>>> print(open('query.pdb').read())   # PDB, C-alpha atoms
ATOM      1  CA  MET Z 830      15.606   7.043   6.854  1.00  0.00           C
ATOM      2  CA  GLY Z 831      19.200   6.774   8.081  1.00  0.00           C
ATOM      3  CA  ILE Z 832      21.830   4.471   6.638  1.00  0.00           C
ATOM      4  CA  SER Z 833      22.927   1.566   8.854  1.00  0.00           C
ATOM      5  CA  MET Z 834      26.500   1.491  10.106  1.00  0.00           C
ATOM      6  CA  GLN Z 835      27.103  -1.813   8.314  1.00  0.00           C
ATOM      7  CA  ALA Z 836      25.858  -0.468   4.980  1.00  0.00           C
ATOM      8  CA  SER Z 837      27.840   2.738   5.429  1.00  0.00           C
ATOM      9  CA  ALA Z 838      31.010   0.767   6.175  1.00  0.00           C
ATOM     10  CA  THR Z 839      30.809  -1.011   2.815  1.00  0.00           C
ATOM     11  CA  PHE Z 840      30.430   2.073   0.594  1.00  0.00           C
ATOM     12  CA  GLY Z 841      33.266   2.028  -1.935  1.00  0.00           C
ATOM     13  CA  VAL Z 842      34.733  -1.107  -0.344  1.00  0.00           C
ATOM     14  CA  GLY Z 843      33.061  -3.941  -2.229  1.00  0.00           C
ATOM     15  CA  VAL Z 844      31.529  -6.996  -0.602  1.00  0.00           C
ATOM     16  CA  TYR Z 845      32.264 -10.568  -1.687  1.00  0.00           C
ATOM     17  CA  SER Z 846      31.329 -13.829  -0.018  1.00  0.00           C
ATOM     18  CA  PHE Z 847      34.203 -16.278   0.260  1.00  0.00           C
ATOM     19  CA  ALA Z 848      32.472 -18.488  -2.285  1.00  0.00           C
ATOM     20  CA  ASP Z 849      32.124 -15.688  -4.846  1.00  0.00           C
ATOM     21  CA  ALA Z 850      35.660 -14.400  -4.246  1.00  0.00           C
ATOM     22  CA  ALA Z 851      36.978 -17.923  -4.782  1.00  0.00           C
ATOM     23  CA  ARG Z 852      35.096 -18.169  -8.087  1.00  0.00           C
ATOM     24  CA  PHE Z 853      36.409 -14.844  -9.298  1.00  0.00           C
ATOM     25  CA  ILE Z 854      40.083 -15.581  -8.652  1.00  0.00           C
ATOM     26  CA  GLY Z 855      40.155 -19.332  -9.269  1.00  0.00           C
ATOM     27  CA  ALA Z 856      40.797 -20.390  -5.671  1.00  0.00           C
ATOM     28  CA  LYS Z 857      38.950 -22.427  -3.041  1.00  0.00           C
ATOM     29  CA  SER Z 858      36.798 -20.696  -0.454  1.00  0.00           C
ATOM     30  CA  SER Z 859      38.465 -22.780   2.278  1.00  0.00           C
ATOM     31  CA  GLU Z 860      41.848 -21.385   1.200  1.00  0.00           C
ATOM     32  CA  LEU Z 861      40.613 -17.813   1.304  1.00  0.00           C
ATOM     33  CA  ARG Z 862      39.246 -18.385   4.808  1.00  0.00           C
ATOM     34  CA  ARG Z 863      42.580 -19.762   6.001  1.00  0.00           C
ATOM     35  CA  TRP Z 864      44.508 -16.888   4.487  1.00  0.00           C
ATOM     36  CA  THR Z 865      42.261 -14.094   5.745  1.00  0.00           C
ATOM     37  CA  LEU Z 866      40.741 -15.485   8.960  1.00  0.00           C
ATOM     38  CA  GLY Z 867      43.630 -17.593  10.225  1.00  0.00           C
ATOM     39  CA  TYR Z 868      43.502 -21.230  11.224  1.00  0.00           C
ATOM     40  CA  VAL Z 869      44.425 -23.676  13.972  1.00  0.00           C
ATOM     41  CA  HIS Z 870      47.140 -26.273  13.368  1.00  0.00           C
ATOM     42  CA  SER Z 871      49.277 -28.741  15.309  1.00  0.00           C
ATOM     43  CA  SER Z 872      52.946 -28.072  15.980  1.00  0.00           C
ATOM     44  CA  PRO Z 873      55.557 -30.883  15.662  1.00  0.00           C
ATOM     45  CA  SER Z 874      55.177 -31.393  19.415  1.00  0.00           C
ATOM     46  CA  GLY Z 875      51.433 -31.854  19.030  1.00  0.00           C
ATOM     47  CA  GLU Z 876      50.552 -28.479  20.524  1.00  0.00           C
ATOM     48  CA  ARG Z 877      47.555 -26.727  18.994  1.00  0.00           C
ATOM     49  CA  LYS Z 878      48.537 -23.319  17.614  1.00  0.00           C
ATOM     50  CA  HIS Z 879      46.679 -20.517  15.890  1.00  0.00           C
ATOM     51  CA  SER Z 880      48.105 -19.090  12.683  1.00  0.00           C
ATOM     52  CA  PRO Z 881      46.896 -15.498  12.273  1.00  0.00           C
ATOM     53  CA  PRO Z 882      45.440 -14.102   9.038  1.00  0.00           C
ATOM     54  CA  LEU Z 883      47.814 -12.673   6.461  1.00  0.00           C
ATOM     55  CA  TRP Z 884      46.179  -9.278   7.005  1.00  0.00           C
ATOM     56  CA  PRO Z 885      42.992  -7.779   8.512  1.00  0.00           C
ATOM     57  CA  THR Z 886      40.438  -7.689   5.705  1.00  0.00           C
ATOM     58  CA  GLN Z 887      38.522  -4.577   4.722  1.00  0.00           C
ATOM     59  CA  LEU Z 888      35.424  -6.033   6.372  1.00  0.00           C
ATOM     60  CA  SER Z 889      37.141  -7.205   9.568  1.00  0.00           C
ATOM     61  CA  GLU Z 890      35.650  -4.337  11.593  1.00  0.00           C
ATOM     62  CA  THR Z 891      32.098  -5.208  10.514  1.00  0.00           C
ATOM     63  CA  ASP Z 892      29.793  -8.154  11.154  1.00  0.00           C
ATOM     64  CA  ILE Z 893      29.888  -9.054   7.459  1.00  0.00           C
ATOM     65  CA  GLU Z 894      31.679 -12.311   6.676  1.00  0.00           C
ATOM     66  CA  GLY Z 895      33.551 -11.835   3.454  1.00  0.00           C
ATOM     67  CA  LEU Z 896      36.129  -9.775   1.642  1.00  0.00           C
ATOM     68  CA  GLY Z 897      36.539  -6.301   0.209  1.00  0.00           C
ATOM     69  CA  PHE Z 898      37.714  -5.372  -3.270  1.00  0.00           C
ATOM     70  CA  LYS Z 899      41.335  -4.690  -2.304  1.00  0.00           C
ATOM     71  CA  ASP Z 900      41.426  -8.007  -0.456  1.00  0.00           C
ATOM     72  CA  LEU Z 901      40.172  -9.730  -3.596  1.00  0.00           C
ATOM     73  CA  ILE Z 902      42.911  -8.268  -5.797  1.00  0.00           C
ATOM     74  CA  GLU Z 903      45.702  -8.950  -3.288  1.00  0.00           C
ATOM     75  CA  LEU Z 904      44.544 -12.535  -2.856  1.00  0.00           C
ATOM     76  CA  ARG Z 905      45.096 -13.142  -6.565  1.00  0.00           C
ATOM     77  CA  PHE Z 906      48.820 -12.735  -5.859  1.00  0.00           C
ATOM     78  CA  VAL Z 907      48.707 -14.999  -2.799  1.00  0.00           C
ATOM     79  CA  ARG Z 908      46.974 -17.622  -4.910  1.00  0.00           C
ATOM     80  CA  ALA Z 909      49.709 -17.316  -7.567  1.00  0.00           C
ATOM     81  CA  PHE Z 910      52.387 -17.923  -4.927  1.00  0.00           C
ATOM     82  CA  ARG Z 911      50.526 -20.933  -3.542  1.00  0.00           C
ATOM     83  CA  ASP Z 912      49.924 -22.355  -7.029  1.00  0.00           C
ATOM     84  CA  GLU Z 913      53.710 -22.402  -7.431  1.00  0.00           C
ATOM     85  CA  GLY Z 914      54.147 -24.275  -4.166  1.00  0.00           C
ATOM     86  CA  VAL Z 915      55.407 -21.421  -2.000  1.00  0.00           C
ATOM     87  CA  PRO Z 916      54.769 -22.191   1.699  1.00  0.00           C
ATOM     88  CA  LEU Z 917      52.404 -19.852   3.492  1.00  0.00           C
ATOM     89  CA  GLN Z 918      55.090 -18.825   5.995  1.00  0.00           C
ATOM     90  CA  VAL Z 919      57.293 -17.600   3.145  1.00  0.00           C
ATOM     91  CA  ILE Z 920      54.372 -15.662   1.651  1.00  0.00           C
ATOM     92  CA  ARG Z 921      53.665 -14.168   5.077  1.00  0.00           C
ATOM     93  CA  ARG Z 922      57.252 -13.031   5.553  1.00  0.00           C
ATOM     94  CA  THR Z 923      57.443 -11.632   2.016  1.00  0.00           C
ATOM     95  CA  LEU Z 924      54.187  -9.769   2.607  1.00  0.00           C
ATOM     96  CA  GLN Z 925      55.431  -8.308   5.883  1.00  0.00           C
ATOM     97  CA  GLU Z 926      58.763  -7.205   4.435  1.00  0.00           C
ATOM     98  CA  ALA Z 927      57.104  -5.655   1.384  1.00  0.00           C
ATOM     99  CA  ARG Z 928      54.453  -3.939   3.514  1.00  0.00           C
ATOM    100  CA  ASP Z 929      57.136  -2.336   5.683  1.00  0.00           C
ATOM    101  CA  GLU Z 930      59.337  -1.301   2.775  1.00  0.00           C
ATOM    102  CA  PHE Z 931      56.581   0.093   0.573  1.00  0.00           C
ATOM    103  CA  ALA Z 932      54.404   1.463   3.402  1.00  0.00           C
ATOM    104  CA  SER Z 933      51.439  -0.177   1.703  1.00  0.00           C
ATOM    105  CA  PRO Z 934      48.752  -2.396   3.269  1.00  0.00           C
ATOM    106  CA  TYR Z 935      48.447  -4.266  -0.053  1.00  0.00           C
ATOM    107  CA  PRO Z 936      52.065  -4.481  -1.254  1.00  0.00           C
ATOM    108  CA  PHE Z 937      51.696  -7.322  -3.764  1.00  0.00           C
ATOM    109  CA  THR Z 938      49.301  -5.172  -5.789  1.00  0.00           C
ATOM    110  CA  CYS Z 939      51.349  -1.944  -5.733  1.00  0.00           C
ATOM    111  CA  LYS Z 940      53.705  -1.032  -8.566  1.00  0.00           C
ATOM    112  CA  LYS Z 941      56.799  -1.104  -6.343  1.00  0.00           C
ATOM    113  CA  PHE Z 942      56.458  -4.841  -5.846  1.00  0.00           C
ATOM    114  CA  LYS Z 943      56.864  -5.286  -9.581  1.00  0.00           C
ATOM    115  CA  THR Z 944      60.333  -3.732  -9.403  1.00  0.00           C
ATOM    116  CA  ASP Z 945      61.539  -4.697  -5.918  1.00  0.00           C
ATOM    117  CA  GLY Z 946      59.467  -7.795  -5.181  1.00  0.00           C
ATOM    118  CA  ARG Z 947      62.023 -10.220  -6.613  1.00  0.00           C
ATOM    119  CA  ARG Z 948      64.738  -9.017  -4.229  1.00  0.00           C
ATOM    120  CA  ILE Z 949      62.442  -9.149  -1.197  1.00  0.00           C
ATOM    121  CA  PHE Z 950      61.215 -12.632  -2.056  1.00  0.00           C
ATOM    122  CA  MET Z 951      64.754 -13.932  -2.611  1.00  0.00           C
ATOM    123  CA  GLU Z 952      65.920 -12.470   0.712  1.00  0.00           C
ATOM    124  CA  VAL Z 953      63.043 -14.090   2.573  1.00  0.00           C
ATOM    125  CA  VAL Z 954      63.689 -17.477   0.942  1.00  0.00           C
ATOM    126  CA  GLU Z 955      67.392 -17.296   1.839  1.00  0.00           C
ATOM    127  CA  GLU Z 956      66.601 -16.340   5.434  1.00  0.00           C
ATOM    128  CA  THR Z 957      64.052 -19.110   5.908  1.00  0.00           C
ATOM    129  CA  GLY Z 958      66.210 -21.700   4.130  1.00  0.00           C
ATOM    130  CA  ASP Z 959      63.134 -23.285   2.622  1.00  0.00           C
ATOM    131  CA  ALA Z 960      64.318 -26.468   0.947  1.00  0.00           C
ATOM    132  CA  SER Z 961      61.521 -26.503  -1.629  1.00  0.00           C
ATOM    133  CA  LEU Z 962      62.694 -23.188  -3.066  1.00  0.00           C
ATOM    134  CA  VAL Z 963      66.457 -23.699  -3.084  1.00  0.00           C
ATOM    135  CA  ASP Z 964      66.699 -24.231  -6.824  1.00  0.00           C
ATOM    136  CA  ILE Z 965      67.354 -20.841  -8.410  1.00  0.00           C
ATOM    137  CA  VAL Z 966      65.425 -21.664 -11.592  1.00  0.00           C
ATOM    138  CA  LYS Z 967      62.297 -22.546  -9.630  1.00  0.00           C
ATOM    139  CA  ARG Z 968      62.592 -19.382  -7.558  1.00  0.00           C
ATOM    140  CA  GLN Z 969      62.821 -17.279 -10.696  1.00  0.00           C
ATOM    141  CA  ASN Z 970      59.737 -18.976 -12.113  1.00  0.00           C
ATOM    142  CA  VAL Z 971      57.774 -18.394  -8.909  1.00  0.00           C
ATOM    143  CA  ILE Z 972      58.451 -14.691  -8.638  1.00  0.00           C
ATOM    144  CA  GLN Z 973      57.973 -14.154 -12.369  1.00  0.00           C
ATOM    145  CA  LYS Z 974      54.424 -15.508 -12.075  1.00  0.00           C
ATOM    146  CA  VAL Z 975      53.682 -12.992  -9.327  1.00  0.00           C
ATOM    147  CA  ILE Z 976      55.378  -9.872 -10.700  1.00  0.00           C
ATOM    148  CA  GLY Z 977      54.573 -10.651 -14.332  1.00  0.00           C
ATOM    149  CA  PRO Z 978      51.997  -8.710 -16.335  1.00  0.00           C
ATOM    150  CA  SER Z 979      49.193 -11.289 -16.327  1.00  0.00           C
ATOM    151  CA  LEU Z 980      48.048 -10.614 -12.748  1.00  0.00           C
ATOM    152  CA  ARG Z 981      48.345  -6.853 -13.171  1.00  0.00           C
ATOM    153  CA  GLU Z 982      46.666  -6.541 -16.539  1.00  0.00           C
ATOM    154  CA  GLY Z 983      43.313  -4.822 -16.211  1.00  0.00           C
ATOM    155  CA  VAL Z 984      43.905  -3.611 -12.637  1.00  0.00           C
ATOM    156  CA  GLU Z 985      43.719   0.172 -12.263  1.00  0.00           C
ATOM    157  CA  LEU Z 986      45.503   1.738  -9.306  1.00  0.00           C
ATOM    158  CA  ASP Z 987      44.610   4.908  -7.430  1.00  0.00           C
ATOM    159  CA  MET Z 988      46.965   7.727  -6.419  1.00  0.00           C
ATOM    160  CA  GLN Z 989      48.077   5.708  -3.381  1.00  0.00           C
ATOM    161  CA  GLY Z 990      49.041   2.789  -5.585  1.00  0.00           C
ATOM    162  CA  GLU Z 991      46.176   0.577  -4.395  1.00  0.00           C
ATOM    163  CA  ALA Z 992      43.647  -1.249  -6.569  1.00  0.00           C
ATOM    164  CA  ARG Z 993      40.783   0.954  -7.733  1.00  0.00           C
ATOM    165  CA  ARG Z 994      39.048  -1.075 -10.448  1.00  0.00           C
ATOM    166  CA  TRP Z 995      39.596  -4.370 -12.228  1.00  0.00           C
ATOM    167  CA  PHE Z 996      38.694  -5.168 -15.835  1.00  0.00           C
ATOM    168  CA  PRO Z 997      38.943  -8.991 -15.849  1.00  0.00           C
ATOM    169  CA  LEU Z 998      38.601  -9.715 -19.568  1.00  0.00           C
ATOM    170  CA  ARG Z 999      41.892  -9.362 -21.374  1.00  0.00           C
ATOM    171  CA  GLY Z1000      41.969  -6.422 -23.770  1.00  0.00           C
ATOM    172  CA  SER Z1001      38.418  -5.360 -22.907  1.00  0.00           C
ATOM    173  CA  LYS Z1002      36.759  -2.871 -20.584  1.00  0.00           C
ATOM    174  CA  ALA Z1003      33.281  -4.279 -21.088  1.00  0.00           C
ATOM    175  CA  ILE Z1004      33.239  -5.938 -17.644  1.00  0.00           C
ATOM    176  CA  VAL Z1005      34.419  -4.216 -14.476  1.00  0.00           C
ATOM    177  CA  PHE Z1006      34.803  -4.849 -10.766  1.00  0.00           C
ATOM    178  CA  ASP Z1007      34.367  -1.405  -9.205  1.00  0.00           C
ATOM    179  CA  PRO Z1008      33.839  -1.177  -5.422  1.00  0.00           C
ATOM    180  CA  ALA Z1009      31.955   2.087  -5.929  1.00  0.00           C
ATOM    181  CA  ARG Z1010      29.328   0.347  -8.076  1.00  0.00           C
ATOM    182  CA  LYS Z1011      27.003  -2.540  -7.177  1.00  0.00           C
ATOM    183  CA  PHE Z1012      29.134  -3.390  -4.109  1.00  0.00           C
ATOM    184  CA  GLY Z1013      31.998  -4.320  -6.414  1.00  0.00           C
ATOM    185  CA  GLN Z1014      30.181  -7.165  -8.165  1.00  0.00           C
ATOM    186  CA  PRO Z1015      31.197  -7.778 -11.817  1.00  0.00           C
ATOM    187  CA  ILE Z1016      28.996  -5.669 -14.057  1.00  0.00           C
ATOM    188  CA  LEU Z1017      28.699  -4.520 -17.645  1.00  0.00           C
ATOM    189  CA  ALA Z1018      30.715  -1.326 -17.269  1.00  0.00           C
ATOM    190  CA  GLU Z1019      28.612   0.750 -19.648  1.00  0.00           C
ATOM    191  CA  TYR Z1020      25.210  -0.439 -18.438  1.00  0.00           C
ATOM    192  CA  ASP Z1021      25.649  -1.102 -14.702  1.00  0.00           C
ATOM    193  CA  ILE Z1022      24.086  -4.571 -15.017  1.00  0.00           C
ATOM    194  CA  PRO Z1023      25.570  -7.521 -13.057  1.00  0.00           C
ATOM    195  CA  THR Z1024      26.957 -10.194 -15.354  1.00  0.00           C
ATOM    196  CA  ILE Z1025      25.256 -12.916 -13.339  1.00  0.00           C
ATOM    197  CA  ALA Z1026      21.872 -11.268 -14.007  1.00  0.00           C
ATOM    198  CA  ILE Z1027      22.526 -11.483 -17.740  1.00  0.00           C
ATOM    199  CA  ALA Z1028      23.654 -15.110 -17.506  1.00  0.00           C
ATOM    200  CA  ASP Z1029      20.600 -16.052 -15.442  1.00  0.00           C
ATOM    201  CA  ALA Z1030      18.303 -14.270 -17.885  1.00  0.00           C
ATOM    202  CA  VAL Z1031      19.796 -16.099 -20.869  1.00  0.00           C
ATOM    203  CA  SER Z1032      19.337 -19.385 -19.056  1.00  0.00           C
ATOM    204  CA  ALA Z1033      15.719 -18.512 -18.214  1.00  0.00           C
ATOM    205  CA  GLU Z1034      15.086 -17.615 -21.859  1.00  0.00           C
ATOM    206  CA  GLY Z1035      16.372 -20.959 -23.058  1.00  0.00           C
ATOM    207  CA  GLY Z1036      19.622 -19.523 -24.367  1.00  0.00           C
ATOM    208  CA  ASN Z1037      17.971 -16.785 -26.427  1.00  0.00           C
ATOM    209  CA  GLU Z1038      20.639 -14.066 -26.240  1.00  0.00           C
ATOM    210  CA  ARG Z1039      18.850 -11.717 -28.590  1.00  0.00           C
ATOM    211  CA  ARG Z1040      15.709 -11.722 -26.466  1.00  0.00           C
ATOM    212  CA  VAL Z1041      17.744 -10.904 -23.356  1.00  0.00           C
ATOM    213  CA  ALA Z1042      19.421  -8.048 -25.206  1.00  0.00           C
ATOM    214  CA  LYS Z1043      15.978  -6.638 -26.022  1.00  0.00           C
ATOM    215  CA  LEU Z1044      14.707  -7.136 -22.469  1.00  0.00           C
ATOM    216  CA  TYR Z1045      17.637  -5.193 -21.008  1.00  0.00           C
ATOM    217  CA  GLU Z1046      17.810  -2.771 -23.941  1.00  0.00           C
ATOM    218  CA  ILE Z1047      21.495  -3.401 -24.495  1.00  0.00           C
ATOM    219  CA  PRO Z1048      23.507  -4.548 -27.529  1.00  0.00           C
ATOM    220  CA  LEU Z1049      23.825  -8.259 -28.230  1.00  0.00           C
ATOM    221  CA  SER Z1050      27.587  -7.816 -27.951  1.00  0.00           C
ATOM    222  CA  ALA Z1051      27.175  -6.717 -24.318  1.00  0.00           C
ATOM    223  CA  VAL Z1052      25.151  -9.830 -23.526  1.00  0.00           C
ATOM    224  CA  ARG Z1053      27.863 -11.971 -25.057  1.00  0.00           C
ATOM    225  CA  LYS Z1054      30.601 -10.219 -23.064  1.00  0.00           C
ATOM    226  CA  ALA Z1055      28.706 -10.944 -19.843  1.00  0.00           C
ATOM    227  CA  LEU Z1056      28.352 -14.588 -20.883  1.00  0.00           C
ATOM    228  CA  GLU Z1057      32.043 -14.753 -21.810  1.00  0.00           C
ATOM    229  CA  PHE Z1058      32.998 -13.551 -18.343  1.00  0.00           C
ATOM    230  CA  GLU Z1059      30.626 -15.898 -16.522  1.00  0.00           C
ATOM    231  CA  ALA Z1060      31.894 -18.837 -18.600  1.00  0.00           C
ATOM    232  CA  LYS Z1061      35.459 -17.895 -17.711  1.00  0.00           C
ATOM    233  CA  VAL Z1062      34.600 -17.788 -14.009  1.00  0.00           C
ATOM    234  CA  LEU Z1063      32.798 -21.121 -14.227  1.00  0.00           C
ATOM    235  CA  ALA Z1064      35.814 -22.733 -15.870  1.00  0.00           C
ATOM    236  CA  ALA Z1065      38.345 -21.386 -13.339  1.00  0.00           C
TER     237      ALA Z1065
END
>>> encode(input="query.pdb", output="C-alpha cells")
Amino acid sequence: MGISMQASATFGVGVYSFADAARFIGAKSSELRRWTLGYVHSSPSGERKHSPPLWPTQLSETDIEGLGFKDLIELRFVRAFRDEGVPLQVIRRTLQEARDEFASPYPFTCKKFKTDGRRIFMEVVEETGDASLVDIVKRQNVIQKVIGPSLREGVELDMQGEARRWFPLRGSKAIVFDPARKFGQPILAEYDIPTIAIADAVSAEGGNERRVAKLYEIPLSAVRKALEFEAKVLAA
C-alpha cells in the first residue's frame, strides 16, 4: 500500500495542533494562530487590513492545520518577546532582518542570533521609534530573555543551525521532542513511549505508578520523568 502525500509530507517534520503547541511552550493557541496564520485588524482610519503570518509554517503546503517542530521551537522565542511586551511589528522586523542576515528561515533559533541578535533588535527598535521600548534598561532585559541560555538549553541544532531535537526537562535527556519519532510528540527518549500515554495510564490505574511501570516494562524512574514533564506542561 502506498503512503499518502499528506503522511509523506510530515515525515521528519513533526505535527502539533495549535492547542498542543500552546501547551508545550506556555502560550495561547489563539496567539499561535495569529502569529502563524495572520489576522485581520482595523487601521486607525477604520479600514480592515490583513496582517500576514510571521513565516510560512512547515505544514503550510499541506491540508493539515497545525505546526511543525521547527515552528514550535521558533515560536518559543516569539512568545518570549511578546511576554516582555514587544509589539508584533517589531518582532516581525527583527525576524526579517535576522533572516536576511543569517540566511536562515528560523533565525531566532540559530546560534548567530545569540551573538548578533542584540544589535539587530536594537537597530529595529531605533528605526521604528517604538515608545514602549525607548528605555535602554528595558531593551536590554527584553533581548537578554530571548538570547539567554534558558530558551536554548536542551535544543540540539543540525549542521544547518536549525532545531533538530528538544530535551525539555532541564539537565535531563529522559524526555525528547524529535520530529523523526512519533511525529515529534514528547516521548520517553529511551523507550519511544509518549509521555501523555504514561500520564493517562497512571490516571487510569488510580495513581499507581509502579503498576504502570510494570505494564510498560520500564523503570519507575521513567514513569516519574514522564509525569514530571506532563505536570510541567499542565502548569505552564
>>> closest_residue(input="query.pdb", among="Z:Gln918, Z:Gln973, Z:Leu883, Z:Arg999", to="Z:Asp959", atoms="all atoms listed in the file")
Z:Gln918
>>> atom_distance(input="query.pdb", atom1="atom CA of Z:Leu901", atom2="atom CA of Z:Ala1009")
14.6 Å
>>> closest_residue(input="query.pdb", among="Z:Cys939, Z:Val975, Z:Ile893, Z:Ile1047", to="Z:Asp912", atoms="only C-alpha atoms")
Z:Val975
>>> closest_residue(input="query.pdb", among="Z:Phe950, Z:Ile1004, Z:Glu1034, Z:Thr938", to="Z:Ser1050", atoms="only C-alpha atoms")
Z:Ile1004
>>> residues_around(input="query.pdb", residues="Z:Trp884", least_positions_apart="6", cutoff="10 Å", atoms="only C-alpha atoms", output="list of chain:residue names")
Z:Trp864, Z:Thr865, Z:Leu866, Z:Gly867, Z:Asp900, Z:Arg921, Z:Leu924, Z:Gln925, Z:Pro934, Z:Tyr935
>>> closest_residue(input="query.pdb", among="Z:Ile1022, Z:Val971, Z:Leu1063, Z:Leu896", to="Z:Arg862", atoms="all atoms listed in the file")
Z:Leu896
>>> residues_around(input="query.pdb", residues="Z:Lys967", least_positions_apart="6", cutoff="12 Å", atoms="all atoms listed in the file", output="number ranges by chain")
Z: 910, 913-915, 951, 954, 960-961, 973-974
>>> atom_distance(input="query.pdb", atom1="atom CA of Z:Arg1040", atom2="atom CA of Z:Lys1061")
22.5 Å
>>> closest_residue(input="query.pdb", among="Z:His879, Z:Ala1030, Z:Phe906, Z:Ile949", to="Z:Pro978", atoms="only C-alpha atoms")
Z:Phe906
>>> resolve_selection(input="query.pdb", expression="the PyMOL selection byres ((chain Z and resi 846) around 7)", output="mmCIF file with C-alpha atoms, keeping the file's coordinate frame")
data_model
loop_
_atom_site.group_PDB
_atom_site.id
_atom_site.type_symbol
_atom_site.label_atom_id
_atom_site.label_comp_id
_atom_site.auth_asym_id
_atom_site.auth_seq_id
_atom_site.Cartn_x
_atom_site.Cartn_y
_atom_site.Cartn_z
ATOM 1 C CA VAL Z 844 31.529 -6.996 -0.602
ATOM 2 C CA TYR Z 845 32.264 -10.568 -1.687
ATOM 3 C CA PHE Z 847 34.203 -16.278 0.260
ATOM 4 C CA ALA Z 848 32.472 -18.488 -2.285
ATOM 5 C CA ASP Z 849 32.124 -15.688 -4.846
ATOM 6 C CA ALA Z 850 35.660 -14.400 -4.246
ATOM 7 C CA GLU Z 894 31.679 -12.311 6.676
ATOM 8 C CA GLY Z 895 33.551 -11.835 3.454
ATOM 9 C CA LEU Z 896 36.129 -9.775 1.642
#
>>> closest_residue(input="query.pdb", among="Z:Gly977, Z:Pro1015, Z:Pro1008, Z:Gly1036", to="Z:Gln887", atoms="all atoms listed in the file")
Z:Pro1008
>>> build_atoms(input="query.pdb", residues="stretch 991-1006 of chain Z", atoms="N, CA and C atoms", output="PDB file, keeping the file's coordinate frame")
ATOM      1  N   GLU Z 991      47.014   1.713  -4.762  1.00  0.00           N
ATOM      2  CA  GLU Z 991      46.176   0.577  -4.395  1.00  0.00           C
ATOM      3  C   GLU Z 991      45.114   0.347  -5.460  1.00  0.00           C
ATOM      4  N   ALA Z 992      44.611  -0.882  -5.528  1.00  0.00           N
ATOM      5  CA  ALA Z 992      43.647  -1.249  -6.569  1.00  0.00           C
ATOM      6  C   ALA Z 992      42.389  -0.395  -6.492  1.00  0.00           C
ATOM      7  N   ARG Z 993      41.974   0.112  -7.639  1.00  0.00           N
ATOM      8  CA  ARG Z 993      40.783   0.954  -7.733  1.00  0.00           C
ATOM      9  C   ARG Z 993      39.661   0.266  -8.498  1.00  0.00           C
ATOM     10  N   ARG Z 994      40.004  -0.334  -9.634  1.00  0.00           N
ATOM     11  CA  ARG Z 994      39.048  -1.075 -10.448  1.00  0.00           C
ATOM     12  C   ARG Z 994      39.780  -2.231 -11.120  1.00  0.00           C
ATOM     13  N   TRP Z 995      39.009  -3.219 -11.532  1.00  0.00           N
ATOM     14  CA  TRP Z 995      39.596  -4.370 -12.228  1.00  0.00           C
ATOM     15  C   TRP Z 995      38.727  -4.728 -13.412  1.00  0.00           C
ATOM     16  N   PHE Z 996      39.352  -4.726 -14.607  1.00  0.00           N
ATOM     17  CA  PHE Z 996      38.694  -5.168 -15.835  1.00  0.00           C
ATOM     18  C   PHE Z 996      39.211  -6.571 -16.129  1.00  0.00           C
ATOM     19  N   PRO Z 997      38.433  -7.616 -15.825  1.00  0.00           N
ATOM     20  CA  PRO Z 997      38.943  -8.991 -15.849  1.00  0.00           C
ATOM     21  C   PRO Z 997      39.112  -9.644 -17.214  1.00  0.00           C
ATOM     22  N   LEU Z 998      38.461  -9.109 -18.243  1.00  0.00           N
ATOM     23  CA  LEU Z 998      38.601  -9.715 -19.568  1.00  0.00           C
ATOM     24  C   LEU Z 998      39.774  -9.068 -20.301  1.00  0.00           C
ATOM     25  N   ARG Z 999      40.681  -9.866 -20.737  1.00  0.00           N
ATOM     26  CA  ARG Z 999      41.892  -9.362 -21.374  1.00  0.00           C
ATOM     27  C   ARG Z 999      41.574  -8.511 -22.600  1.00  0.00           C
ATOM     28  N   GLY Z1000      42.140  -7.314 -22.631  1.00  0.00           N
ATOM     29  CA  GLY Z1000      41.969  -6.422 -23.770  1.00  0.00           C
ATOM     30  C   GLY Z1000      40.595  -5.809 -23.898  1.00  0.00           C
ATOM     31  N   SER Z1001      39.787  -5.887 -22.843  1.00  0.00           N
ATOM     32  CA  SER Z1001      38.418  -5.360 -22.907  1.00  0.00           C
ATOM     33  C   SER Z1001      38.059  -4.636 -21.616  1.00  0.00           C
ATOM     34  N   LYS Z1002      37.260  -3.583 -21.749  1.00  0.00           N
ATOM     35  CA  LYS Z1002      36.759  -2.871 -20.584  1.00  0.00           C
ATOM     36  C   LYS Z1002      35.242  -3.007 -20.478  1.00  0.00           C
ATOM     37  N   ALA Z1003      34.730  -4.056 -21.103  1.00  0.00           N
ATOM     38  CA  ALA Z1003      33.281  -4.279 -21.088  1.00  0.00           C
ATOM     39  C   ALA Z1003      32.785  -4.681 -19.703  1.00  0.00           C
ATOM     40  N   ILE Z1004      33.601  -5.453 -18.975  1.00  0.00           N
ATOM     41  CA  ILE Z1004      33.239  -5.938 -17.644  1.00  0.00           C
ATOM     42  C   ILE Z1004      34.156  -5.286 -16.625  1.00  0.00           C
ATOM     43  N   VAL Z1005      33.591  -4.862 -15.493  1.00  0.00           N
ATOM     44  CA  VAL Z1005      34.419  -4.216 -14.476  1.00  0.00           C
ATOM     45  C   VAL Z1005      34.007  -4.635 -13.071  1.00  0.00           C
ATOM     46  N   PHE Z1006      35.001  -4.761 -12.211  1.00  0.00           N
ATOM     47  CA  PHE Z1006      34.803  -4.849 -10.766  1.00  0.00           C
ATOM     48  C   PHE Z1006      35.130  -3.457 -10.239  1.00  0.00           C
TER      49      PHE Z1006
END
